[in-house]
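Below you'll find the structure, written out as structure tokens, and then a few comments.
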Amino acid sequence: MSGIDAVKKIVETEAQARRIVDEASAKAQQIISQTREQAERIRQEAIARAQQRREEILSEAKNKAEAEALRSDQETEQILNNYRKLSEERKATAVSKAVELILNA
Amino acid sequence: MSESLEKLQNRILSDAKNKAEETIKDAQAKSQQILEEARQRAQRESEEIIAKANVEAESIRRSILSSKVRVNRLRILDEKNRIVEDIIHSVEDQLSRISKSEQFEETAQRFVTEAVKAVDTDQPVVRIGFRDVSKRNLDGVSRVLPKGGKLVIDEKPIDDLGGVVATDPEGKVVFNNTFKSRLERLDNQLLTLISSTVFGE
């Protein structure tokens, strides 16, 4: 083999080597690019799940508060009924005592 | 020569392959790092969203409950006020009809005595006016007046409910001893009495 042929062979081999490196580099960029897309998907899915959970938390809190508010209404109704009953039972006594107070104080 | 050329070629290709493998490995390692960071970031952001939601939920709960508690407290206060007002109306009604009771003469005399004492003069002018009361019903009242005193009988109840108003001769000193005035003067005691009797407070 002549010297020129040998140089040609080396040049070809180096070109082949560059292709191997370039292809690997392109593949690496592709891996990174796909990974970034995957990472963004992971983030978006996690945020979407968190937003969904947020809606559930707010809805649960509202329902729970409304249930407590309903209990407060029922307790208030009981208190009001009790006051009305007491008023019926004790009105005559209260009026009598009040009249005595105004007359004799 | 040919053998060493082949070795050189193999070495060039081998170096290239090694570099390529290293590049891919680096990319894969970086990829794992990116994913791990993304997961951690997503976790952080999710936790922030949930934490804020919990705070917001507590705020919503408090807002709904405090609003309801406020409304219900007002309902209870309104009802108590209504009951107390109703009792006071009955008291006023009963007081305005006192002339028909056995207590009337004694009460009228006492009201006059108190009023006269309050204006502290030898010549008090006493106006008296109760519902359904005539001069005949007020004979006893004249007896408790001092000698220089003057009794003026109103045909209508003074201040709507009836009572007594005493003044000195110049009208500078006035003591209002009508039921309405007594109700106003005894307002706090009256409310306490009614509340304790009806509500046990």
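Identifiers in the structure tokens: chain A, B, ... in order shown; residue index from 1 per chain; ligand index from 1 in order shown.
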Contacts of range 121-132 of chain B within 7 Å, only C-alpha atoms, excl. fewer than 4 positions in-chain, as a list in words: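 Contacts, in chain order: Ser96, Arg97, Ser99, Val116, Pro146, Gly148, Gly149, Lys150, Leu151, Val152, Ile153, Asp154, Glu155, Lys156, Pro157, Ile158, Gly162, Gly163, Val164, Val165, Ala166, Thr167, Asp168 and Pro169 of chain B.
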Can you pull out the residues contacting range 27-32 of chain B? Cut-off 7 Å, using only C-alpha atoms, and skip same-chain residues under 5 positions away; I want them as a list in words.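 Here the answer would be Ala28, Ile31, Ile32 and Thr35 of chain A.
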Residue among A:Ile10, A:Ala105, A:Ile42, A:Ile79 lying closest to Glu36 in chain B, counting only C-alpha atoms: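 Closest residue, counting only C-alpha atoms: A:Ile42.
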Which residues of range 5-103 of chain A have any atom within 7 Å of an atom in range 50-54 of chain B when counting only C-alpha atoms, and what is the closest pair of atoms for each, with the distance in Å to one decimal? Order the rows by chain and rising number and write it as a Markdown table.
```
| residue | atom | partner | partner_atom | distance |
| --- | --- | --- | --- | --- |
| A:Ala50 | CA | B:Ile50 | CA | 6.4 |
| A:Arg54 | CA | B:Ala53 | CA | 5.3 |
| A:Ile57 | CA | B:Ala53 | CA | 6.7 |
| A:Leu58 | CA | B:Ala53 | CA | 6.7 |
```
Quick one: DSSP alpha helix (DSSP H) residues in chain B, as a PyMOL selection string? chain B and resi 2-96+104-119+139-143+179-185+187-199
For Arg49 in chain A, work out the shell of residues within 10 Å, counting only C-alpha atoms and skipping chain neighbours fewer than 6 positions away, then give it as a PyMOL selection string. (chain A and resi 43+55) or (chain B and resi 46)
Skip Asp22 in chain A itself and residues of its chain fewer than 3 positions away, then list as a list in words all residues within 12 Å of it, counting only C-alpha atoms.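 Returned residues: Glu14, Ala15, Gln16, Ala17, Arg18, Arg19, Ser25, Ala26, Lys27, Ala28 and Gln29 of chain A; Ala16, Lys17, Lys19, Ala20, Glu21, Thr23 and Ile24 of chain B.
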Those same residues - C-alpha atoms - I'd like them written as an mmCIF file, in the first residue's frame.
```cif
data_model
loop_
_atom_site.group_PDB
_atom_site.id
_atom_site.type_symbol
_atom_site.label_atom_id
_atom_site.label_comp_id
_atom_site.auth_asym_id
_atom_site.auth_seq_id
_atom_site.Cartn_x
_atom_site.Cartn_y
_atom_site.Cartn_z
ATOM 1 C CA GLU A 14 -11.450 9.700 10.871
ATOM 2 C CA ALA A 15 -14.525 10.751 8.907
ATOM 3 C CA GLN A 16 -16.255 7.577 10.053
ATOM 4 C CA ALA A 17 -15.164 8.275 13.631
ATOM 5 C CA ARG A 18 -16.555 11.840 13.409
ATOM 6 C CA ARG A 19 -19.867 10.472 12.159
ATOM 7 C CA SER A 25 -24.049 13.784 20.085
ATOM 8 C CA ALA A 26 -27.307 14.128 18.132
ATOM 9 C CA LYS A 27 -28.763 11.169 19.991
ATOM 10 C CA ALA A 28 -27.697 12.691 23.306
ATOM 11 C CA GLN A 29 -29.397 15.966 22.403
ATOM 12 C CA ALA B 16 -14.817 7.481 18.624
ATOM 13 C CA LYS B 17 -17.081 4.719 19.933
ATOM 14 C CA LYS B 19 -16.511 8.984 23.153
ATOM 15 C CA ALA B 20 -19.938 8.289 21.669
ATOM 16 C CA GLU B 21 -20.783 5.911 24.518
ATOM 17 C CA THR B 23 -21.719 11.167 25.374
ATOM 18 C CA ILE B 24 -24.810 8.928 25.537
#
```
Near range 2-9 of chain A, within 12 Å and counting only C-alpha atoms, which residues show up once chain neighbours fewer than 6 positions away are dropped, as a PyMOL selection string? (chain A and resi 15-16) or (chain B and resi 1-10+12)
Kindly export the residues of the current selection with N, CA and C atoms, as a short mmCIF file (atom, residue, chain, number, x, y, z; two decimals), in the first residue's frame.
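Produced file selection.cif, reproduced below:
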```cif
data_model
loop_
_atom_site.label_atom_id
_atom_site.label_comp_id
_atom_site.auth_asym_id
_atom_site.auth_seq_id
_atom_site.Cartn_x
_atom_site.Cartn_y
_atom_site.Cartn_z
N ALA A 15 -13.18 10.27 9.27
CA ALA A 15 -14.53 10.75 8.91
C ALA A 15 -15.59 9.86 9.53
N GLN A 16 -15.31 8.54 9.46
CA GLN A 16 -16.25 7.58 10.05
C GLN A 16 -16.36 7.80 11.58
N MET B 1 3.56 -2.28 7.84
CA MET B 1 2.91 -0.99 7.54
C MET B 1 1.40 -1.12 7.55
N SER B 2 0.91 -2.17 6.81
CA SER B 2 -0.52 -2.43 6.71
C SER B 2 -1.12 -2.78 8.06
N GLU B 3 -0.34 -3.53 8.83
CA GLU B 3 -0.84 -3.93 10.15
C GLU B 3 -0.96 -2.74 11.09
N SER B 4 0.05 -1.91 11.08
CA SER B 4 -0.01 -0.75 11.98
C SER B 4 -1.08 0.25 11.53
N LEU B 5 -1.34 0.30 10.22
CA LEU B 5 -2.43 1.16 9.72
C LEU B 5 -3.78 0.67 10.24
N GLU B 6 -3.94 -0.63 10.20
CA GLU B 6 -5.20 -1.20 10.67
C GLU B 6 -5.40 -0.94 12.17
N LYS B 7 -4.27 -1.08 12.87
CA LYS B 7 -4.34 -0.80 14.31
C LYS B 7 -4.75 0.66 14.57
N LEU B 8 -4.15 1.52 13.75
CA LEU B 8 -4.45 2.95 13.91
C LEU B 8 -5.93 3.23 13.63
N GLN B 9 -6.40 2.58 12.51
CA GLN B 9 -7.82 2.75 12.17
C GLN B 9 -8.72 2.25 13.31
N ASN B 10 -8.37 1.05 13.81
CA ASN B 10 -9.19 0.49 14.91
C ASN B 10 -9.18 1.41 16.13
N ILE B 12 -8.69 4.65 16.15
CA ILE B 12 -9.49 5.86 15.87
C ILE B 12 -10.97 5.55 16.07
#
```
